[in-house]
$ cat final_10.txt   # compact mmCIF, C-alpha atoms
# COMPACT_ATOMS: atom_id res chain seq x y z
CA MET A 171 -93.50 23.46 30.01
CA ALA A 172 -92.33 25.59 27.11
CA TYR A 173 -92.14 24.09 23.65
CA THR A 174 -88.56 24.01 22.34
CA VAL A 175 -86.69 22.47 19.42
CA PRO A 176 -83.45 20.89 20.78
CA ALA A 177 -81.38 21.70 17.67
CA ILE A 178 -82.35 25.40 17.93
CA GLU A 179 -81.62 25.58 21.68
CA GLU A 180 -78.26 23.92 21.09
CA LEU A 181 -77.45 26.50 18.40
CA VAL A 182 -78.45 29.36 20.73
CA GLN A 183 -76.18 27.99 23.48
CA ALA A 184 -73.27 27.60 21.03
CA LEU A 185 -73.70 31.17 19.72
CA ARG A 186 -73.63 32.49 23.30
CA GLN A 187 -70.00 31.44 23.53
CA LEU A 188 -69.08 34.21 21.10
CA PRO A 189 -67.75 37.28 22.94
CA GLY A 190 -70.36 40.01 23.47
CA VAL A 191 -73.29 37.75 22.59
CA GLY A 192 -75.94 37.41 25.30
CA PRO A 193 -79.03 35.17 25.37
CA ARG A 194 -81.20 37.58 23.35
CA SER A 195 -78.64 38.24 20.62
CA ALA A 196 -77.89 34.52 20.38
CA ARG A 197 -81.57 33.72 19.86
CA ARG A 198 -81.93 36.50 17.32
CA MET A 199 -78.88 35.19 15.44
CA ALA A 200 -80.19 31.61 15.48
CA TYR A 201 -83.59 32.64 14.09
CA ALA A 202 -82.05 34.93 11.47
CA LEU A 203 -79.82 32.08 10.25
CA LEU A 204 -82.65 29.54 10.18
CA GLU A 205 -85.22 31.85 8.59
CA ARG A 206 -83.21 33.83 6.09
CA LYS A 207 -79.57 32.78 5.93
CA ARG A 208 -79.38 29.04 5.44
CA PRO A 209 -76.28 29.19 3.17
CA ALA A 210 -74.43 31.22 5.82
CA MET A 211 -74.84 28.33 8.29
CA GLY A 212 -72.81 25.91 6.19
CA GLU A 213 -70.27 28.60 5.34
CA LEU A 214 -69.76 29.55 8.98
CA ALA A 215 -69.54 25.90 10.07
CA ALA A 216 -66.92 25.21 7.38
CA ALA A 217 -64.94 28.36 8.22
CA LEU A 218 -64.94 27.45 11.92
CA ARG A 219 -63.70 23.91 11.24
CA ARG A 220 -61.08 25.07 8.75
CA ALA A 221 -59.71 27.77 11.06
CA ASP A 222 -59.73 25.39 14.04
CA GLU A 223 -57.82 22.76 12.05
CA THR A 224 -55.30 24.93 10.20
CA VAL A 225 -54.53 27.82 12.56
CA SER A 226 -52.01 27.39 15.36
CA HIS A 227 -49.12 29.46 16.69
CA CYS A 228 -45.99 30.42 14.73
CA GLN A 229 -43.03 28.65 16.34
CA ARG A 230 -40.92 31.80 16.08
CA CYS A 231 -43.15 34.79 16.87
CA ASN A 232 -46.06 32.97 18.55
CA ASN A 233 -48.64 34.80 16.38
CA LEU A 234 -51.63 32.89 14.97
CA SER A 235 -50.50 31.23 11.75
CA ASP A 236 -51.46 28.50 9.29
CA ALA A 237 -47.84 27.39 8.90
CA PRO A 238 -45.17 26.29 11.45
CA ILE A 239 -43.33 29.56 10.73
CA CYS A 240 -45.70 32.40 9.76
CA GLY A 241 -45.46 34.40 6.53
CA LEU A 242 -44.37 37.49 8.41
CA CYS A 243 -41.42 35.75 10.10
CA GLN A 244 -40.39 34.27 6.73
CA SER A 245 -40.51 37.62 4.94
CA SER A 246 -37.20 38.96 3.61
CA ARG A 247 -38.64 42.47 3.26
CA ARG A 248 -38.88 43.22 6.97
CA ASP A 249 -36.25 45.18 8.92
CA PRO A 250 -34.11 42.55 10.70
CA ARG A 251 -33.00 45.05 13.36
CA LEU A 252 -36.45 45.59 14.89
CA LEU A 253 -38.50 43.33 17.12
CA CYS A 254 -41.88 44.44 18.50
CA VAL A 255 -43.48 42.69 21.49
CA VAL A 256 -47.29 42.75 21.74
CA GLU A 257 -49.87 41.02 23.90
CA THR A 258 -52.19 39.54 21.26
CA PRO A 259 -52.50 38.69 17.53
CA ALA A 260 -55.10 41.47 17.26
CA ASP A 261 -52.35 43.92 18.28
CA VAL A 262 -50.15 42.67 15.41
CA ALA A 263 -53.05 43.26 13.01
CA ALA A 264 -53.59 46.76 14.45
CA ILE A 265 -49.90 47.72 14.09
CA GLU A 266 -49.69 46.23 10.59
CA ALA A 267 -52.73 48.30 9.61
CA THR A 268 -50.82 51.51 10.42
CA GLY A 269 -48.22 50.68 7.74
CA THR A 270 -45.63 52.43 9.97
CA TYR A 271 -43.69 49.43 11.23
CA ASP A 272 -41.76 46.91 9.15
CA GLY A 273 -39.81 44.88 11.70
CA PHE A 274 -40.66 41.53 13.27
CA TYR A 275 -42.99 40.63 16.15
CA PHE A 276 -43.22 38.52 19.23
CA VAL A 277 -46.73 37.81 20.58
CA LEU A 278 -46.93 37.15 24.32
CA MET A 279 -50.55 35.90 24.20
CA GLY A 280 -51.23 37.83 27.40
CA HIS A 281 -49.35 39.82 30.02
CA LEU A 282 -47.67 39.09 33.34
CA SER A 283 -50.33 38.70 35.99
CA PRO A 284 -48.94 37.02 39.10
CA LEU A 285 -52.32 37.09 40.85
CA ASP A 286 -53.80 34.97 38.04
CA GLY A 287 -50.78 32.68 38.06
CA ILE A 288 -49.47 34.02 34.74
CA GLY A 289 -45.70 34.17 35.13
CA PRO A 290 -42.87 34.49 32.57
CA GLU A 291 -43.09 30.77 31.60
CA ALA A 292 -46.76 31.06 30.59
CA LEU A 293 -45.86 33.88 28.20
CA GLY A 294 -43.15 31.85 26.44
CA ILE A 295 -40.36 34.10 27.69
CA ASP A 296 -37.77 31.38 26.99
CA ARG A 297 -38.69 31.55 23.30
CA PHE A 298 -38.52 35.34 23.48
CA GLU A 299 -35.02 35.16 24.97
CA ALA A 300 -33.91 32.81 22.19
CA LEU A 301 -35.09 35.44 19.68
CA LEU A 302 -32.99 38.12 21.37
CA ASP A 303 -29.79 36.48 20.13
CA GLN A 304 -30.85 36.54 16.46
CA GLY A 305 -29.34 39.89 15.48
CA PHE A 306 -31.99 42.42 16.50
CA GLU A 307 -30.77 45.83 17.63
CA GLU A 308 -33.90 47.28 19.22
CA VAL A 309 -36.89 45.69 20.93
CA ILE A 310 -40.06 47.83 20.92
CA LEU A 311 -42.27 46.97 23.87
CA ALA A 312 -45.85 47.51 22.67
CA THR A 313 -47.79 45.86 25.46
CA ASN A 314 -51.03 47.62 26.45
CA PRO A 315 -50.69 50.81 28.53
CA THR A 316 -52.42 49.14 31.48
CA VAL A 317 -50.94 48.30 34.87
CA GLU A 318 -50.18 44.71 33.82
CA GLY A 319 -48.92 45.79 30.39
CA GLU A 320 -46.52 48.34 31.93
CA ALA A 321 -45.24 45.76 34.43
CA THR A 322 -44.70 43.30 31.60
CA ALA A 323 -42.85 45.95 29.58
CA HIS A 324 -40.53 46.73 32.52
CA PHE A 325 -39.81 43.05 33.08
CA LEU A 326 -39.03 42.54 29.39
CA ALA A 327 -36.92 45.72 29.19
CA ASP A 328 -34.57 44.33 31.86
CA LEU A 329 -34.29 41.09 29.90
CA VAL A 330 -33.61 42.95 26.64
CA ARG A 331 -30.86 45.06 28.18
CA MET A 332 -29.27 41.97 29.75
CA HIS A 333 -28.86 40.71 26.17
CA GLY A 334 -27.16 43.99 25.20
CA LEU A 335 -30.02 45.30 23.02
CA ARG A 336 -31.88 48.63 23.13
CA ALA A 337 -35.34 48.46 24.66
CA SER A 338 -37.98 51.06 23.79
CA ARG A 339 -41.61 51.62 24.75
CA ILE A 340 -44.30 52.94 22.41
CA ALA A 341 -45.14 56.54 23.29
CA HIS A 342 -48.06 57.40 25.47
CA GLY A 343 -49.96 58.95 22.64
CA VAL A 344 -52.03 55.86 23.26
CA PRO A 345 -54.76 56.67 25.80
CA VAL A 346 -53.79 55.16 29.16
CA GLY A 347 -56.19 52.42 30.22
CA GLY A 348 -57.17 51.65 26.63
CA GLU A 349 -56.36 48.66 24.45
CA LEU A 350 -54.21 48.71 21.28
CA GLU A 351 -56.78 46.88 19.21
CA TYR A 352 -59.28 49.75 19.45
CA VAL A 353 -56.93 52.70 18.94
CA ASP A 354 -57.22 54.69 15.69
CA ARG A 355 -54.40 54.38 13.16
CA GLY A 356 -53.11 57.93 13.49
CA THR A 357 -52.66 57.66 17.25
CA LEU A 358 -51.02 54.29 16.89
CA SER A 359 -48.64 55.63 14.21
CA SER A 360 -47.50 58.54 16.36
CA ALA A 361 -47.12 56.22 19.33
CA LEU A 362 -44.78 54.05 17.25
CA SER A 363 -42.70 56.86 15.77
CA GLY A 364 -42.55 58.67 19.14
CA ARG A 365 -41.10 55.68 21.00
CA ARG A 366 -38.42 56.46 23.56
CA ALA A 367 -35.46 54.49 24.90
CA ILE A 368 -35.99 52.99 28.34
CA GLU A 369 -33.24 54.18 30.69
CA ASP A 370 -32.32 52.74 34.04
CA MET B 214 -49.26 44.53 1.58
CA ALA B 215 -50.73 43.46 4.89
CA TYR B 216 -49.93 40.01 6.25
CA THR B 217 -53.07 37.87 6.57
CA VAL B 218 -53.92 34.24 7.29
CA PRO B 219 -56.59 33.10 4.78
CA ALA B 220 -58.37 30.77 7.23
CA ILE B 221 -58.75 33.64 9.74
CA GLU B 222 -59.99 36.11 7.11
CA GLU B 223 -62.50 33.52 5.89
CA LEU B 224 -63.74 33.05 9.47
CA VAL B 225 -64.07 36.83 9.94
CA GLN B 226 -66.12 37.09 6.73
CA ALA B 227 -68.36 34.18 7.77
CA LEU B 228 -68.96 35.71 11.22
CA ARG B 229 -69.97 39.02 9.59
CA GLN B 230 -73.04 37.29 8.18
CA LEU B 231 -74.49 37.08 11.70
CA PRO B 232 -77.01 39.87 12.32
CA GLY B 233 -75.57 42.86 14.19
CA VAL B 234 -71.94 41.78 13.68
CA GLY B 235 -69.73 44.31 11.88
CA PRO B 236 -66.10 43.95 10.74
CA ARG B 237 -64.57 44.81 14.14
CA SER B 238 -66.84 42.52 16.17
CA ALA B 239 -66.27 39.71 13.67
CA ARG B 240 -62.50 40.06 14.01
CA ARG B 241 -62.74 40.21 17.80
CA MET B 242 -64.90 37.05 17.76
CA ALA B 243 -62.49 35.22 15.46
CA TYR B 244 -59.45 36.05 17.63
CA ALA B 245 -61.30 35.21 20.84
CA LEU B 246 -62.26 31.80 19.44
CA LEU B 247 -58.76 31.05 18.13
CA GLU B 248 -56.92 32.28 21.21
CA ARG B 249 -59.10 31.18 24.09
CA LYS B 250 -62.13 29.17 22.97
CA ARG B 251 -60.98 26.37 20.71
CA PRO B 252 -63.61 23.87 21.99
CA ALA B 253 -66.38 26.38 21.22
CA MET B 254 -65.37 26.37 17.53
CA GLY B 255 -66.16 22.69 17.07
CA GLU B 256 -69.31 22.97 19.17
CA LEU B 257 -70.61 25.93 17.17
CA ALA B 258 -69.75 24.26 13.85
CA ALA B 259 -71.58 21.08 14.91
CA ALA B 260 -74.60 23.03 16.21
CA LEU B 261 -74.82 25.00 12.95
CA ARG B 262 -74.68 21.84 10.83
CA ARG B 263 -77.16 19.99 13.02
CA ALA B 264 -79.67 22.86 13.05
CA ASP B 265 -79.28 23.39 9.31
CA GLU B 266 -79.90 19.70 8.65
CA THR B 267 -82.72 18.98 11.10
CA VAL B 268 -84.73 22.19 11.33
CA SER B 269 -87.35 23.01 8.72
CA HIS B 270 -90.92 24.31 8.84
CA CYS B 271 -93.87 22.54 10.50
CA GLN B 272 -96.30 21.53 7.75
CA ARG B 273 -99.25 22.69 9.83
CA CYS B 274 -98.26 25.91 11.64
CA ASN B 275 -95.21 26.85 9.56
CA ASN B 276 -93.08 27.38 12.71
CA LEU B 277 -89.46 26.17 12.77
CA SER B 278 -89.51 22.49 13.73
CA ASP B 279 -87.35 19.37 13.73
CA ALA B 280 -90.33 17.16 12.77
CA PRO B 281 -92.82 17.34 9.86
CA ILE B 282 -95.50 18.35 12.40
CA CYS B 283 -94.07 20.29 15.36
CA GLY B 284 -94.47 19.28 19.00
CA LEU B 285 -96.77 22.20 19.68
CA CYS B 286 -99.20 21.26 16.88
CA GLN B 287 -99.19 17.64 18.12
CA SER B 288 -99.92 18.60 21.72
CA SER B 289 -103.24 17.44 23.17
CA ARG B 290 -102.98 19.95 26.02
CA ARG B 291 -103.56 23.07 23.94
CA ASP B 292 -106.94 24.81 23.60
CA PRO B 293 -108.33 23.62 20.21
CA ARG B 294 -110.58 26.69 19.88
CA LEU B 295 -107.78 29.29 19.66
CA LEU B 296 -105.44 30.05 16.76
CA CYS B 297 -102.87 32.87 16.99
CA VAL B 298 -101.24 34.31 13.86
CA VAL B 299 -97.74 35.80 14.22
CA GLU B 300 -95.07 37.01 11.81
CA THR B 301 -92.03 35.03 12.99
CA PRO B 302 -90.91 32.02 15.11
CA ALA B 303 -89.40 34.53 17.56
CA ASP B 304 -92.92 35.89 18.15
CA VAL B 305 -94.12 32.38 19.04
CA ALA B 306 -91.25 32.09 21.55
CA ALA B 307 -92.14 35.52 22.99
CA ILE B 308 -95.83 34.64 23.42
CA GLU B 309 -95.01 31.19 24.86
CA ALA B 310 -92.69 32.88 27.36
CA THR B 311 -95.67 34.83 28.78
CA GLY B 312 -97.37 31.58 29.80
CA THR B 313 -100.72 33.33 29.09
CA TYR B 314 -101.73 31.63 25.85
CA ASP B 315 -102.40 27.93 25.34
CA GLY B 316 -103.94 27.73 21.85
CA PHE B 317 -102.27 26.94 18.54
CA TYR B 318 -100.22 29.12 16.18
CA PHE B 319 -99.76 29.96 12.54
CA VAL B 320 -96.45 31.60 11.55
CA LEU B 321 -96.57 33.81 8.44
CA MET B 322 -92.76 34.13 8.16
CA GLY B 323 -93.23 37.80 7.29
CA HIS B 324 -95.99 40.26 6.50
CA LEU B 325 -97.79 41.48 3.39
CA SER B 326 -95.54 43.93 1.57
CA PRO B 327 -96.73 44.44 -2.02
CA LEU B 328 -93.83 46.82 -2.81
CA ASP B 329 -91.36 44.03 -1.99
CA GLY B 330 -93.40 41.52 -3.98
CA ILE B 331 -94.62 39.72 -0.84
CA GLY B 332 -98.26 38.84 -1.52
CA PRO B 333 -100.63 36.36 0.17
CA GLU B 334 -99.08 33.35 -1.66
CA ALA B 335 -95.59 34.07 -0.26
CA LEU B 336 -97.03 33.97 3.28
CA GLY B 337 -98.64 30.55 2.78
CA ILE B 338 -102.17 31.91 3.06
CA ASP B 339 -103.59 28.80 1.36
CA ARG B 340 -102.26 26.70 4.25
CA PHE B 341 -103.69 29.22 6.70
CA GLU B 342 -107.14 28.92 5.06
CA ALA B 343 -106.97 25.14 5.28
CA LEU B 344 -106.38 25.52 9.04
CA LEU B 345 -109.47 27.71 9.41
CA ASP B 346 -111.72 24.70 8.75
CA GLN B 347 -110.21 22.59 11.56
CA GLY B 348 -112.60 23.58 14.35
CA PHE B 349 -111.10 26.82 15.71
CA GLU B 350 -113.52 29.41 17.08
CA GLU B 351 -111.32 32.51 17.39
CA VAL B 352 -108.28 33.68 15.47
CA ILE B 353 -106.03 36.13 17.34
CA LEU B 354 -104.09 38.33 14.92
CA ALA B 355 -100.78 39.09 16.64
CA THR B 356 -98.81 40.58 13.75
CA ASN B 357 -96.55 43.52 14.65
CA PRO B 358 -98.17 46.94 15.24
CA THR B 359 -96.42 48.37 12.18
CA VAL B 360 -98.02 49.62 8.95
CA GLU B 361 -97.39 46.29 7.20
CA GLY B 362 -98.41 44.26 10.25
CA GLU B 363 -101.71 46.15 10.55
CA ALA B 364 -102.45 45.75 6.83
CA THR B 365 -101.71 42.03 7.12
CA ALA B 366 -104.01 41.76 10.15
CA HIS B 367 -106.85 43.48 8.24
CA PHE B 368 -106.42 41.20 5.24
CA LEU B 369 -106.43 38.09 7.46
CA ALA B 370 -109.42 39.31 9.51
CA ASP B 371 -111.54 39.44 6.33
CA LEU B 372 -110.47 35.89 5.48
CA VAL B 373 -111.23 34.65 9.01
CA ARG B 374 -114.72 36.16 9.01
CA MET B 375 -115.41 34.68 5.56
CA HIS B 376 -114.87 31.28 7.19
CA GLY B 377 -117.38 32.17 9.92
CA LEU B 378 -114.83 32.50 12.75
CA ARG B 379 -114.23 35.35 15.21
CA ALA B 380 -111.15 37.49 14.47
CA SER B 381 -109.44 39.48 17.23
CA ARG B 382 -106.39 41.73 17.40
CA ILE B 383 -103.93 41.97 20.32
CA ALA B 384 -104.39 45.19 22.30
CA HIS B 385 -102.14 48.15 21.61
CA GLY B 386 -101.46 50.41 24.55
CA VAL B 387 -99.01 51.66 27.10
CA PRO B 388 -96.36 49.01 27.90
CA VAL B 389 -96.69 47.64 31.42
CA GLY B 390 -94.06 49.28 33.61
CA GLY B 391 -93.68 52.21 31.21
CA GLU B 392 -94.40 55.87 31.85
CA LEU B 393 -97.07 57.82 29.98
CA GLU B 394 -94.74 60.77 29.49
CA TYR B 395 -92.37 58.73 27.34
CA VAL B 396 -94.93 56.80 25.28
CA ASP B 397 -95.31 57.91 21.64
CA ARG B 398 -98.54 59.57 20.46
CA GLY B 399 -99.75 56.67 18.33
CA THR B 400 -99.46 54.22 21.22
CA LEU B 401 -101.12 56.64 23.63
CA SER B 402 -104.07 57.24 21.29
CA SER B 403 -104.61 53.49 20.87
CA ALA B 404 -104.39 53.08 24.65
CA LEU B 405 -107.09 55.75 25.05
CA SER B 406 -109.42 54.51 22.33
CA GLY B 407 -108.97 50.91 23.49
CA ARG B 408 -109.83 51.77 27.12
CA ARG B 409 -111.85 49.26 29.12
CA ALA B 410 -114.34 49.72 31.93
CA ILE B 411 -112.99 48.99 35.41
CA GLU B 412 -115.17 46.41 37.05
CA ASP B 413 -115.35 45.62 40.75
$ encode --input "final_10.txt" --output "structure tokens"
Amino acid sequence: MAYTVPAIEELVQALRQLPGVGPRSARRMAYALLERKRPAMGELAAALRRADETVSHCQRCNNLSDAPICGLCQSSRRDPRLLCVVETPADVAAIEATGTYDGFYFVLMGHLSPLDGIGPEALGIDRFEALLDQGFEEVILATNPTVEGEATAHFLADLVRMHGLRASRIAHGVPVGGELEYVDRGTLSSALSGRRAIED
Amino acid sequence: MAYTVPAIEELVQALRQLPGVGPRSARRMAYALLERKRPAMGELAAALRRADETVSHCQRCNNLSDAPICGLCQSSRRDPRLLCVVETPADVAAIEATGTYDGFYFVLMGHLSPLDGIGPEALGIDRFEALLDQGFEEVILATNPTVEGEATAHFLADLVRMHGLRASRIAHGVPVGGELEYVDRGTLSSALSGRRAIED
């Protein structure tokens, strides 16, 4: 019968829900907080609550946002001819960090994956289609260069062309099998500028 | 001018205070929580607040505890002749996990480190001395086998003997399951000099 303090065990279990944190790391984090970083505990708790309460999805682009329409969608300085489709909010952050792209975004929050029951409806494709009639000229498909990402891009390209717009795909300067979020800026920049039109 | 959501940036900064979490991991954690693990955010916030509010140090052994005197110090099933001195609460957990030791503990919350201004007072040595007069027979010094840990063990051993008790040090040697070839010289010399006769 090991001696345990319930509040500490509860904290360890809660920390384990963070991605990449196993039982040992979680315990190490809990002890570090309790022994040396008491102020960080309150700060992290407050930040978690605040983010949970204020952050939801932008009604236009679907990105994480603290307003009904996000600051990026409301910006008048972006190029109104370009729309870029990505899988996750982290991908938006990665593309923004390159400083190469100044159009708008649509965030799918995933990719088509019929085996997991993720069809077009789950990705908010109806909202995406509504966007297509708002004056864009080109839609850049920047889903991940994985099997599912490519399939999603092909599906969306058909949709885009049906609405009479140009569809393009970021260049395969991006390593195949990798994920946008972890690609270096230079590679991501050349992938954006080297995009090619998708032809039938 | 990158587009950012303040509540998300605040969460990323707060997560970076966890040990071993850099800027990329923190961002990945924040997005994972916001995109897929909303319930975990409230749970983690509650666990952090609860642990911060209820956990402090046991007035007897100095271990992390949710009561003035911890459950381990209050136990009547422990061997009242043995006291084990460790550096951190994690060391108590590690020793308890072996199931080999059933005496009491004293947690230093660090080690002597004169260069960093950590002297005997900072480690609560007065409380440790008060414990020495409570009927223990042997004090096991289980500080880390580092320079500071050894110095701390030597200092405490003198104190223990001054109170007429036996002082002992945990054995240093080859880790069980390890291979001689890969053990460092210091460990191998202690394993040799600390050799024990094999009895039938």
$ calpha_fit_rmsd --input "final_10.txt" --fixed "chain A" --moving "chain B"
6.1 Å
$ atom_distance --input "final_10.txt" --atom1 "atom CA of Val182 of chain A" --atom2 "atom CA of Gln272 of chain B"
23.4 Å
$ residues_around --input "final_10.txt" --residues "Gln287 of chain B" --least-positions-apart "2" --cutoff "12 Å" --atoms "only C-alpha atoms" --output "list in words"
Tyr173 of chain A; Cys271, Gln272, Arg273, Cys274, Ser278, Ala280, Pro281, Ile282, Cys283, Gly284, Leu285, Ser289, Arg290, Arg291, Asp292, Pro293, Gly316, Phe317 and Tyr318 of chain B
$ write_last_selection --input "final_10.txt" --atoms "C-alpha atoms" --output "mmCIF file, keeping the file's coordinate frame"
data_model
loop_
_atom_site.group_PDB
_atom_site.id
_atom_site.type_symbol
_atom_site.label_atom_id
_atom_site.label_comp_id
_atom_site.auth_asym_id
_atom_site.auth_seq_id
_atom_site.Cartn_x
_atom_site.Cartn_y
_atom_site.Cartn_z
ATOM 1 C CA TYR A 173 -92.140 24.090 23.650
ATOM 2 C CA CYS B 271 -93.870 22.540 10.500
ATOM 3 C CA GLN B 272 -96.300 21.530 7.750
ATOM 4 C CA ARG B 273 -99.250 22.690 9.830
ATOM 5 C CA CYS B 274 -98.260 25.910 11.640
ATOM 6 C CA SER B 278 -89.510 22.490 13.730
ATOM 7 C CA ALA B 280 -90.330 17.160 12.770
ATOM 8 C CA PRO B 281 -92.820 17.340 9.860
ATOM 9 C CA ILE B 282 -95.500 18.350 12.400
ATOM 10 C CA CYS B 283 -94.070 20.290 15.360
ATOM 11 C CA GLY B 284 -94.470 19.280 19.000
ATOM 12 C CA LEU B 285 -96.770 22.200 19.680
ATOM 13 C CA SER B 289 -103.240 17.440 23.170
ATOM 14 C CA ARG B 290 -102.980 19.950 26.020
ATOM 15 C CA ARG B 291 -103.560 23.070 23.940
ATOM 16 C CA ASP B 292 -106.940 24.810 23.600
ATOM 17 C CA PRO B 293 -108.330 23.620 20.210
ATOM 18 C CA GLY B 316 -103.940 27.730 21.850
ATOM 19 C CA PHE B 317 -102.270 26.940 18.540
ATOM 20 C CA TYR B 318 -100.220 29.120 16.180
#
$ interface_residues --input "final_10.txt" --of "chain B" --to "chain A" --cutoff "7 Å" --atoms "only C-alpha atoms" --output "PyMOL selection string"
chain B and resi 215-216+218+220-221+223-224+227-228+230-232+242+244+251+253-258+260-265+278-279+285+309
$ residues_around --input "final_10.txt" --residues "Gln347 of chain B" --least-positions-apart "6" --cutoff "12 Å" --atoms "all atoms listed in the file" --output "ChimeraX atom specification"
/B:273,293-296,317,340-341,376,378
$ atom_distance --input "final_10.txt" --atom1 "atom CA of Arg339 of chain A" --atom2 "atom CA of Leu311 of chain A"
4.8 Å
$ residues_around --input "final_10.txt" --residues "Leu293 of chain A" --least-positions-apart "4" --cutoff "7 Å" --atoms "all atoms listed in the file" --output "JSON, numbers by chain"
{"A": [278, 279, 280, 289]}
$ residues_around --input "final_10.txt" --residues "Gly364 of chain A" --least-positions-apart "3" --cutoff "6 Å" --atoms "only C-alpha atoms" --output "number ranges by chain"
A: 341, 360-361
$ atom_distance --input "final_10.txt" --atom1 "atom CA of Ile310 of chain A" --atom2 "atom CA of Leu285 of chain A"
25.7 Å
$ residues_near_point --input "final_10.txt" --point "(-45.5, 48.3, 24.4)" --cutoff "8 Å" --atoms "only C-alpha atoms" --output "number ranges by chain"
A: 254-256, 310-315, 319-320, 323, 339-340
$ axis_aligned_box --input "final_10.txt" --around "segment 302-317 of chain A" --padding-each-side "6 Å" --output "lines of an AutoDock Vina configuration file"
center_x = -40.9
center_y = 43.6
center_z = 25.2
size_x = 35.1
size_y = 26.3
size_z = 31.4
$ residues_around --input "final_10.txt" --residues "segment 372-374 of chain B" --least-positions-apart "4" --cutoff "10 Å" --atoms "only C-alpha atoms" --output "list in words"
Ile338, Phe341, Glu342, Leu345, Asp346, Glu350, Glu351, Val352, Ile353, Leu354, Ala366, His367, Phe368, Leu378, Arg379, Ala380 and Ser381 of chain B
$ closest_residue --input "final_10.txt" --among "A:Ile265, A:Val346, A:Leu362, A:Ile368" --to "Ala327 of chain A" --atoms "only C-alpha atoms"
A:Ile368
$ build_atoms --input "final_10.txt" --residues "segment 304-316 of chain B" --atoms "N, CA and C atoms" --output "PDB file, in the coordinates of the input"
ATOM      1  N   ASP B 304     -91.683  35.418  17.524  1.00  0.00           N
ATOM      2  CA  ASP B 304     -92.920  35.890  18.150  1.00  0.00           C
ATOM      3  C   ASP B 304     -93.609  34.749  18.903  1.00  0.00           C
ATOM      4  N   VAL B 305     -93.562  33.536  18.336  1.00  0.00           N
ATOM      5  CA  VAL B 305     -94.120  32.380  19.040  1.00  0.00           C
ATOM      6  C   VAL B 305     -93.394  32.203  20.368  1.00  0.00           C
ATOM      7  N   ALA B 306     -92.054  32.249  20.329  1.00  0.00           N
ATOM      8  CA  ALA B 306     -91.250  32.090  21.550  1.00  0.00           C
ATOM      9  C   ALA B 306     -91.620  33.166  22.563  1.00  0.00           C
ATOM     10  N   ALA B 307     -91.813  34.415  22.084  1.00  0.00           N
ATOM     11  CA  ALA B 307     -92.140  35.520  22.990  1.00  0.00           C
ATOM     12  C   ALA B 307     -93.495  35.293  23.645  1.00  0.00           C
ATOM     13  N   ILE B 308     -94.491  34.856  22.861  1.00  0.00           N
ATOM     14  CA  ILE B 308     -95.830  34.640  23.420  1.00  0.00           C
ATOM     15  C   ILE B 308     -95.822  33.439  24.364  1.00  0.00           C
ATOM     16  N   GLU B 309     -95.110  32.362  23.986  1.00  0.00           N
ATOM     17  CA  GLU B 309     -95.010  31.190  24.860  1.00  0.00           C
ATOM     18  C   GLU B 309     -94.375  31.571  26.193  1.00  0.00           C
ATOM     19  N   ALA B 310     -93.399  32.490  26.141  1.00  0.00           N
ATOM     20  CA  ALA B 310     -92.690  32.880  27.360  1.00  0.00           C
ATOM     21  C   ALA B 310     -93.618  33.595  28.344  1.00  0.00           C
ATOM     22  N   THR B 311     -94.731  34.166  27.854  1.00  0.00           N
ATOM     23  CA  THR B 311     -95.670  34.830  28.780  1.00  0.00           C
ATOM     24  C   THR B 311     -96.438  33.820  29.612  1.00  0.00           C
ATOM     25  N   GLY B 312     -96.601  32.594  29.084  1.00  0.00           N
ATOM     26  CA  GLY B 312     -97.370  31.580  29.800  1.00  0.00           C
ATOM     27  C   GLY B 312     -98.867  31.881  29.838  1.00  0.00           C
ATOM     28  N   THR B 313     -99.328  32.873  29.045  1.00  0.00           N
ATOM     29  CA  THR B 313    -100.720  33.330  29.090  1.00  0.00           C
ATOM     30  C   THR B 313    -101.589  32.657  28.039  1.00  0.00           C
ATOM     31  N   TYR B 314    -100.984  32.118  27.000  1.00  0.00           N
ATOM     32  CA  TYR B 314    -101.730  31.630  25.850  1.00  0.00           C
ATOM     33  C   TYR B 314    -101.517  30.136  25.693  1.00  0.00           C
ATOM     34  N   ASP B 315    -102.582  29.373  25.483  1.00  0.00           N
ATOM     35  CA  ASP B 315    -102.400  27.930  25.340  1.00  0.00           C
ATOM     36  C   ASP B 315    -103.106  27.363  24.117  1.00  0.00           C
ATOM     37  N   GLY B 316    -103.359  28.235  23.096  1.00  0.00           N
ATOM     38  CA  GLY B 316    -103.940  27.730  21.850  1.00  0.00           C
ATOM     39  C   GLY B 316    -102.858  27.351  20.862  1.00  0.00           C
TER      40      GLY B 316
END
